[in-house]
Every structure is written in structure tokens, then in C-alpha cells.
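Heads up, the thing below is written out as C-alpha cells.
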Amino acid sequence: MPIEWLAEGKVRFLDQTLLPHEEVWIETADYRVVAEAIRRLQVRGAPLIGVAAAYGLALAALATDKTDLAHL
């Protein structure tokens with residue numbers, strides 16, 4: 001699979017812009033990196049974009065300080 005959730009709370013995805021000449025995997029815990037990968041089409045195809053977006057939301061939730069939500 002070209003994207004996966006890693007046990008340490010990170011996402012690993014294949015940079016599809018470099019295929020077929022290079023196979024480069026990007027590992028990140030930053031939701032902004034995932035969002036940029038979607039914008040740059042490093043992840044392609046509707047199902048994969050959906051999974052990447054869901055993982056990005058999960059990373060953003062993990063990065064949010066629970067006290068940030070107290071004022072909502």
C-alpha cells in the first residue's frame with residue numbers, strides 16, 4: 001500500500017511524483033506535510049487522497065493541545 005499509519009503516530013507515504021524512476025518514502029508526524037503532499041499530488045487517486053486526508057486529520061488531532069478545545 002502506498003500509505004500507512006505507523007505505530008509511533010506517524011504517516012509514511014510513497015512520493016508518486018518520482019515514479020517510476022525513484023521510490024522515495026516520506027515519513028512524517030506533521031499534518032501540514034500530508035496536506036502539502038495532497039496539493040502537490042505526491043499522493044494520487046481519489047481513494048488514496050481520502051486516506052491521506054483522514055491520516056492528516058488524525059495527525060492534526062494528535063498535535064492539538066487538549067486545552068485548545070476548552071474555549072469552544
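The way I read the labels, and the way they are meant: chains A, B, ... in the order of the C-alpha cells, residue 1 as the first residue of every chain, and ligand 1 as the first ligand shown, with later ones counted on from there.
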
Using DSSP on the backbone coordinates, identify all residues within chain A classified as strand (DSSP E); present the result as a list in words.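 Restricting chain A to strand (DSSP E) produces Ile3, Glu4, Trp5, Leu6, Lys10, Val11, Arg12, Phe13, Leu14, Trp25, Ile26, Glu27 and Thr28 of chain A.
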
With a distance cut-off of 10 Å and only C-alpha atoms, select the neighbouring residues of Ala54 in chain A, excluding the residue or stretch itself and same-chain residues fewer than 6 positions from it, and output the selection as a VMD selection string. chain A and resid 31 34 48 60

Would you pick out the contacts of Ala63 in chain A at 12 Å or less, using only C-alpha atoms, so that residues sharing its chain but fewer than 6 positions from it are not included, and give the list as a PDB file with N, CA, C and O atoms, in the first residue's frame?
ATOM      1  N   GLY A   9       2.742   6.979  15.706  1.00  0.00           N
ATOM      2  CA  GLY A   9       1.924   8.154  15.423  1.00  0.00           C
ATOM      3  C   GLY A   9       2.425   8.970  14.252  1.00  0.00           C
ATOM      4  O   GLY A   9       2.381  10.198  14.273  1.00  0.00           O
ATOM      5  N   LYS A  10       2.913   8.285  13.246  1.00  0.00           N
ATOM      6  CA  LYS A  10       3.399   8.935  12.033  1.00  0.00           C
ATOM      7  C   LYS A  10       2.714   8.309  10.826  1.00  0.00           C
ATOM      8  O   LYS A  10       2.158   7.218  10.908  1.00  0.00           O
ATOM      9  N   ALA A  29       5.123  13.158  11.059  1.00  0.00           N
ATOM     10  CA  ALA A  29       4.094  13.277  12.092  1.00  0.00           C
ATOM     11  C   ALA A  29       3.410  14.637  11.975  1.00  0.00           C
ATOM     12  O   ALA A  29       2.631  15.019  12.835  1.00  0.00           O
ATOM     13  N   ASP A  30       3.692  15.374  10.908  1.00  0.00           N
ATOM     14  CA  ASP A  30       3.179  16.728  10.704  1.00  0.00           C
ATOM     15  C   ASP A  30       2.044  16.710   9.682  1.00  0.00           C
ATOM     16  O   ASP A  30       2.249  16.378   8.514  1.00  0.00           O
ATOM     17  N   TYR A  31       0.853  17.086  10.118  1.00  0.00           N
ATOM     18  CA  TYR A  31      -0.304  17.096   9.224  1.00  0.00           C
ATOM     19  C   TYR A  31      -0.118  18.055   8.054  1.00  0.00           C
ATOM     20  O   TYR A  31      -0.669  17.844   6.971  1.00  0.00           O
ATOM     21  N   ARG A  32       0.695  19.095   8.244  1.00  0.00           N
ATOM     22  CA  ARG A  32       0.931  20.056   7.161  1.00  0.00           C
ATOM     23  C   ARG A  32       1.707  19.427   6.015  1.00  0.00           C
ATOM     24  O   ARG A  32       1.497  19.768   4.851  1.00  0.00           O
ATOM     25  N   GLY A  56      -4.103  12.783   7.834  1.00  0.00           N
ATOM     26  CA  GLY A  56      -3.718  14.153   8.161  1.00  0.00           C
ATOM     27  C   GLY A  56      -4.571  14.718   9.289  1.00  0.00           C
ATOM     28  O   GLY A  56      -4.059  15.374  10.193  1.00  0.00           O
ATOM     29  N   LEU A  57      -5.880  14.454   9.235  1.00  0.00           N
ATOM     30  CA  LEU A  57      -6.767  14.899  10.316  1.00  0.00           C
ATOM     31  C   LEU A  57      -6.397  14.238  11.645  1.00  0.00           C
ATOM     32  O   LEU A  57      -6.426  14.890  12.695  1.00  0.00           O
TER      33      LEU A  57
END

Test item: residues at most 9 Å from Gln42 in chain A, only C-alpha atoms, excluding those fewer than 4 positions along its chain, as an NGL selection string: :A and (13-18 or 36-38)

Write out, as a CSV table (one decimal), in the first residue's frame, the residues just selected, with all heavy atoms.
chain,number,residue,atom,x,y,z
A,13,PHE,N,4.3,7.6,3.4
A,13,PHE,CA,3.7,7.5,2.1
A,13,PHE,C,4.7,7.6,1.0
A,13,PHE,O,5.8,8.1,1.2
A,13,PHE,CB,2.6,8.6,1.9
A,13,PHE,CG,3.1,10.0,1.9
A,13,PHE,CD1,3.6,10.6,0.8
A,13,PHE,CD2,3.1,10.7,3.1
A,13,PHE,CE1,4.0,11.9,0.8
A,13,PHE,CE2,3.6,12.0,3.1
A,13,PHE,CZ,4.1,12.6,2.0
A,14,LEU,N,4.3,7.0,-0.1
A,14,LEU,CA,5.2,6.9,-1.3
A,14,LEU,C,5.0,8.2,-2.1
A,14,LEU,O,3.9,8.6,-2.4
A,14,LEU,CB,4.8,5.7,-2.2
A,14,LEU,CG,5.6,5.5,-3.5
A,14,LEU,CD1,7.0,5.3,-3.2
A,14,LEU,CD2,5.0,4.3,-4.2
A,15,ASP,N,6.1,8.9,-2.4
A,15,ASP,CA,6.1,10.1,-3.2
A,15,ASP,C,5.9,9.7,-4.7
A,15,ASP,O,6.8,9.2,-5.4
A,15,ASP,CB,7.3,10.9,-3.1
A,15,ASP,CG,7.3,12.2,-3.9
A,15,ASP,OD1,6.5,12.4,-4.8
A,15,ASP,OD2,8.2,13.1,-3.6
A,16,GLN,N,4.6,9.8,-5.2
A,16,GLN,CA,4.3,9.2,-6.5
A,16,GLN,C,4.8,10.1,-7.6
A,16,GLN,O,4.8,9.7,-8.8
A,16,GLN,CB,2.8,9.0,-6.6
A,16,GLN,CG,2.4,7.9,-5.7
A,16,GLN,CD,0.9,7.5,-5.8
A,16,GLN,OE1,0.1,8.3,-6.2
A,16,GLN,NE2,0.6,6.3,-5.3
A,17,THR,N,5.2,11.4,-7.3
A,17,THR,CA,5.8,12.2,-8.4
A,17,THR,C,7.1,11.8,-8.9
A,17,THR,O,7.5,12.2,-10.0
A,17,THR,CB,5.9,13.7,-7.9
A,17,THR,OG1,6.9,13.7,-6.8
A,17,THR,CG2,4.6,14.3,-7.4
A,18,LEU,N,7.8,10.9,-8.2
A,18,LEU,CA,9.1,10.4,-8.6
A,18,LEU,C,9.1,9.1,-9.3
A,18,LEU,O,10.1,8.6,-9.8
A,18,LEU,CB,10.0,10.3,-7.3
A,18,LEU,CG,10.2,11.7,-6.6
A,18,LEU,CD1,11.0,11.4,-5.3
A,18,LEU,CD2,10.8,12.7,-7.5
A,36,GLU,N,0.3,19.2,2.2
A,36,GLU,CA,1.1,19.7,1.0
A,36,GLU,C,1.3,18.5,0.0
A,36,GLU,O,1.3,18.7,-1.2
A,36,GLU,CB,2.5,20.2,1.5
A,36,GLU,CG,3.3,20.8,0.4
A,36,GLU,CD,2.7,22.0,-0.3
A,36,GLU,OE1,1.8,22.7,0.3
A,36,GLU,OE2,3.1,22.2,-1.4
A,37,ALA,N,1.5,17.3,0.5
A,37,ALA,CA,1.6,16.1,-0.4
A,37,ALA,C,0.4,16.0,-1.2
A,37,ALA,O,0.5,15.6,-2.4
A,37,ALA,CB,1.9,14.9,0.4
A,38,ILE,N,-0.8,16.2,-0.6
A,38,ILE,CA,-2.0,16.1,-1.4
A,38,ILE,C,-2.0,17.2,-2.5
A,38,ILE,O,-2.3,17.0,-3.6
A,38,ILE,CB,-3.3,16.2,-0.5
A,38,ILE,CG1,-3.3,15.0,0.4
A,38,ILE,CG2,-4.5,16.3,-1.3
A,38,ILE,CD1,-4.3,15.1,1.5

So what do you get for CA of Thr64 in chain A versus CA of Leu41 in chain A, distance-wise?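 Straight-line distance from CA of Thr64 in chain A to CA of Leu41 in chain A works out to 25.9 Å.
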
Would you return as a short mmCIF file (atom, residue, chain, number, x, y, z; two decimals) with all heavy atoms, in the first residue's frame the members of chain A that DSSP assigns to alpha helix (DSSP H) on this structure's backbone?
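Saved the output as part02.cif:
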data_model
loop_
_atom_site.label_atom_id
_atom_site.label_comp_id
_atom_site.auth_asym_id
_atom_site.auth_seq_id
_atom_site.Cartn_x
_atom_site.Cartn_y
_atom_site.Cartn_z
N TYR A 31 0.85 17.09 10.12
CA TYR A 31 -0.30 17.10 9.22
C TYR A 31 -0.12 18.05 8.05
O TYR A 31 -0.67 17.84 6.97
CB TYR A 31 -1.58 17.45 9.99
CG TYR A 31 -1.60 18.85 10.57
CD1 TYR A 31 -2.13 19.90 9.84
CD2 TYR A 31 -1.10 19.11 11.83
CE1 TYR A 31 -2.15 21.18 10.36
CE2 TYR A 31 -1.12 20.37 12.36
CZ TYR A 31 -1.64 21.42 11.62
OH TYR A 31 -1.65 22.68 12.13
N ARG A 32 0.70 19.10 8.24
CA ARG A 32 0.93 20.06 7.16
C ARG A 32 1.71 19.43 6.01
O ARG A 32 1.50 19.77 4.85
CB ARG A 32 1.65 21.29 7.70
CG ARG A 32 0.75 22.11 8.64
CD ARG A 32 1.56 23.14 9.38
NE ARG A 32 2.42 22.43 10.33
CZ ARG A 32 2.63 22.80 11.57
NH1 ARG A 32 2.06 23.90 12.03
NH2 ARG A 32 3.41 22.12 12.36
N VAL A 33 2.60 18.49 6.33
CA VAL A 33 3.34 17.78 5.28
C VAL A 33 2.38 16.92 4.46
O VAL A 33 2.48 16.85 3.24
CB VAL A 33 4.47 16.92 5.90
CG1 VAL A 33 5.12 16.03 4.87
CG2 VAL A 33 5.50 17.83 6.56
N VAL A 34 1.43 16.29 5.14
CA VAL A 34 0.44 15.46 4.44
C VAL A 34 -0.44 16.34 3.55
O VAL A 34 -0.69 16.00 2.39
CB VAL A 34 -0.41 14.65 5.44
CG1 VAL A 34 -1.49 13.87 4.72
CG2 VAL A 34 0.48 13.72 6.26
N ALA A 35 -0.88 17.48 4.06
CA ALA A 35 -1.71 18.39 3.26
C ALA A 35 -0.95 18.87 2.02
O ALA A 35 -1.50 18.91 0.92
CB ALA A 35 -2.15 19.59 4.11
N GLU A 36 0.31 19.21 2.18
CA GLU A 36 1.13 19.65 1.04
C GLU A 36 1.33 18.51 0.04
O GLU A 36 1.34 18.74 -1.17
CB GLU A 36 2.47 20.20 1.53
CG GLU A 36 3.33 20.78 0.44
CD GLU A 36 2.71 21.98 -0.27
OE1 GLU A 36 1.83 22.66 0.29
OE2 GLU A 36 3.12 22.23 -1.43
N ALA A 37 1.48 17.30 0.53
CA ALA A 37 1.63 16.14 -0.36
C ALA A 37 0.38 15.95 -1.22
O ALA A 37 0.47 15.60 -2.40
CB ALA A 37 1.93 14.88 0.44
N ILE A 38 -0.79 16.20 -0.63
CA ILE A 38 -2.03 16.11 -1.40
C ILE A 38 -2.05 17.21 -2.46
O ILE A 38 -2.35 16.96 -3.63
CB ILE A 38 -3.26 16.20 -0.48
CG1 ILE A 38 -3.33 14.96 0.43
CG2 ILE A 38 -4.54 16.34 -1.29
CD1 ILE A 38 -4.35 15.06 1.55
N ARG A 39 -1.70 18.43 -2.06
CA ARG A 39 -1.69 19.56 -3.02
C ARG A 39 -0.71 19.33 -4.17
O ARG A 39 -1.01 19.67 -5.31
CB ARG A 39 -1.33 20.86 -2.30
CG ARG A 39 -2.49 21.52 -1.62
CD ARG A 39 -2.15 22.93 -1.17
NE ARG A 39 -1.29 22.97 -0.01
CZ ARG A 39 -1.70 22.81 1.24
NH1 ARG A 39 -2.97 22.59 1.49
NH2 ARG A 39 -0.86 22.88 2.24
N ALA A 46 -8.32 9.23 -6.03
CA ALA A 46 -9.32 9.60 -5.04
C ALA A 46 -9.26 8.77 -3.75
O ALA A 46 -9.27 9.33 -2.66
CB ALA A 46 -10.72 9.54 -5.65
N PRO A 47 -9.18 7.44 -3.84
CA PRO A 47 -9.13 6.67 -2.59
C PRO A 47 -7.89 7.00 -1.74
O PRO A 47 -8.00 7.17 -0.53
CB PRO A 47 -9.10 5.21 -3.06
CG PRO A 47 -9.71 5.24 -4.43
CD PRO A 47 -9.28 6.56 -5.01
N LEU A 48 -6.74 7.12 -2.38
CA LEU A 48 -5.51 7.41 -1.64
C LEU A 48 -5.53 8.82 -1.06
O LEU A 48 -5.09 9.04 0.07
CB LEU A 48 -4.28 7.22 -2.54
CG LEU A 48 -2.93 7.37 -1.85
CD1 LEU A 48 -2.79 6.40 -0.70
CD2 LEU A 48 -1.81 7.17 -2.85
N ILE A 49 -6.07 9.78 -1.81
CA ILE A 49 -6.20 11.14 -1.29
C ILE A 49 -7.11 11.15 -0.07
O ILE A 49 -6.83 11.82 0.93
CB ILE A 49 -6.69 12.10 -2.39
CG1 ILE A 49 -5.58 12.31 -3.43
CG2 ILE A 49 -7.13 13.43 -1.79
CD1 ILE A 49 -6.02 13.05 -4.67
N GLY A 50 -8.19 10.38 -0.11
CA GLY A 50 -9.09 10.28 1.03
C GLY A 50 -8.42 9.71 2.26
O GLY A 50 -8.59 10.22 3.37
N VAL A 51 -7.64 8.66 2.06
CA VAL A 51 -6.92 8.05 3.19
C VAL A 51 -5.88 9.02 3.73
O VAL A 51 -5.75 9.20 4.95
CB VAL A 51 -6.26 6.71 2.76
CG1 VAL A 51 -5.33 6.18 3.85
CG2 VAL A 51 -7.32 5.68 2.41
N ALA A 52 -5.15 9.69 2.83
CA ALA A 52 -4.14 10.66 3.27
C ALA A 52 -4.80 11.80 4.06
O ALA A 52 -4.27 12.23 5.08
CB ALA A 52 -3.38 11.21 2.06
N ALA A 53 -5.95 12.28 3.59
CA ALA A 53 -6.65 13.35 4.30
C ALA A 53 -7.08 12.89 5.69
O ALA A 53 -6.95 13.63 6.66
CB ALA A 53 -7.85 13.81 3.48
N ALA A 54 -7.59 11.67 5.79
CA ALA A 54 -8.00 11.14 7.09
C ALA A 54 -6.80 11.01 8.03
O ALA A 54 -6.89 11.38 9.22
CB ALA A 54 -8.69 9.78 6.92
N TYR A 55 -5.70 10.52 7.52
CA TYR A 55 -4.49 10.42 8.34
C TYR A 55 -4.01 11.82 8.75
O TYR A 55 -3.54 12.02 9.88
CB TYR A 55 -3.38 9.69 7.60
CG TYR A 55 -3.54 8.18 7.53
CD1 TYR A 55 -2.78 7.44 6.62
CD2 TYR A 55 -4.41 7.49 8.34
CE1 TYR A 55 -2.90 6.06 6.54
CE2 TYR A 55 -4.54 6.11 8.28
CZ TYR A 55 -3.77 5.40 7.37
OH TYR A 55 -3.89 4.04 7.31
N GLY A 56 -4.10 12.78 7.83
CA GLY A 56 -3.72 14.15 8.16
C GLY A 56 -4.57 14.72 9.29
O GLY A 56 -4.06 15.37 10.19
N LEU A 57 -5.88 14.45 9.23
CA LEU A 57 -6.77 14.90 10.32
C LEU A 57 -6.40 14.24 11.64
O LEU A 57 -6.43 14.89 12.69
CB LEU A 57 -8.22 14.59 9.98
CG LEU A 57 -8.86 15.51 8.95
CD1 LEU A 57 -10.22 14.97 8.53
CD2 LEU A 57 -8.98 16.91 9.49
N ALA A 58 -6.05 12.96 11.59
CA ALA A 58 -5.65 12.26 12.80
C ALA A 58 -4.36 12.86 13.37
O ALA A 58 -4.24 13.05 14.59
CB ALA A 58 -5.46 10.77 12.52
N LEU A 59 -3.40 13.18 12.50
CA LEU A 59 -2.16 13.81 12.96
C LEU A 59 -2.45 15.18 13.58
O LEU A 59 -1.87 15.55 14.60
CB LEU A 59 -1.17 13.96 11.81
CG LEU A 59 -0.53 12.68 11.28
CD1 LEU A 59 0.32 12.98 10.05
CD2 LEU A 59 0.30 12.00 12.35
N ALA A 60 -3.35 15.94 12.96
CA ALA A 60 -3.71 17.25 13.49
C ALA A 60 -4.36 17.12 14.86
O ALA A 60 -4.07 17.90 15.77
CB ALA A 60 -4.65 17.98 12.53
N ALA A 61 -5.21 16.12 15.02
CA ALA A 61 -5.86 15.89 16.32
C ALA A 61 -4.83 15.52 17.38
O ALA A 61 -4.91 15.99 18.52
CB ALA A 61 -6.91 14.80 16.20
N LEU A 62 -3.86 14.72 17.01
CA LEU A 62 -2.81 14.35 17.96
C LEU A 62 -1.95 15.55 18.35
O LEU A 62 -1.45 15.62 19.47
CB LEU A 62 -1.92 13.24 17.37
CG LEU A 62 -2.54 11.86 17.26
CD1 LEU A 62 -1.60 10.92 16.50
CD2 LEU A 62 -2.86 11.30 18.63
N ALA A 63 -1.78 16.48 17.42
CA ALA A 63 -0.93 17.65 17.66
C ALA A 63 -1.65 18.73 18.45
O ALA A 63 -1.02 19.65 18.96
CB ALA A 63 -0.45 18.22 16.33
#

For the atom pair CA of Asp65 in chain A and CA of Glu8 in chain A, what is the interatomic distance in Å to one decimal place?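 Interatomic distance here is 17.9 Å.
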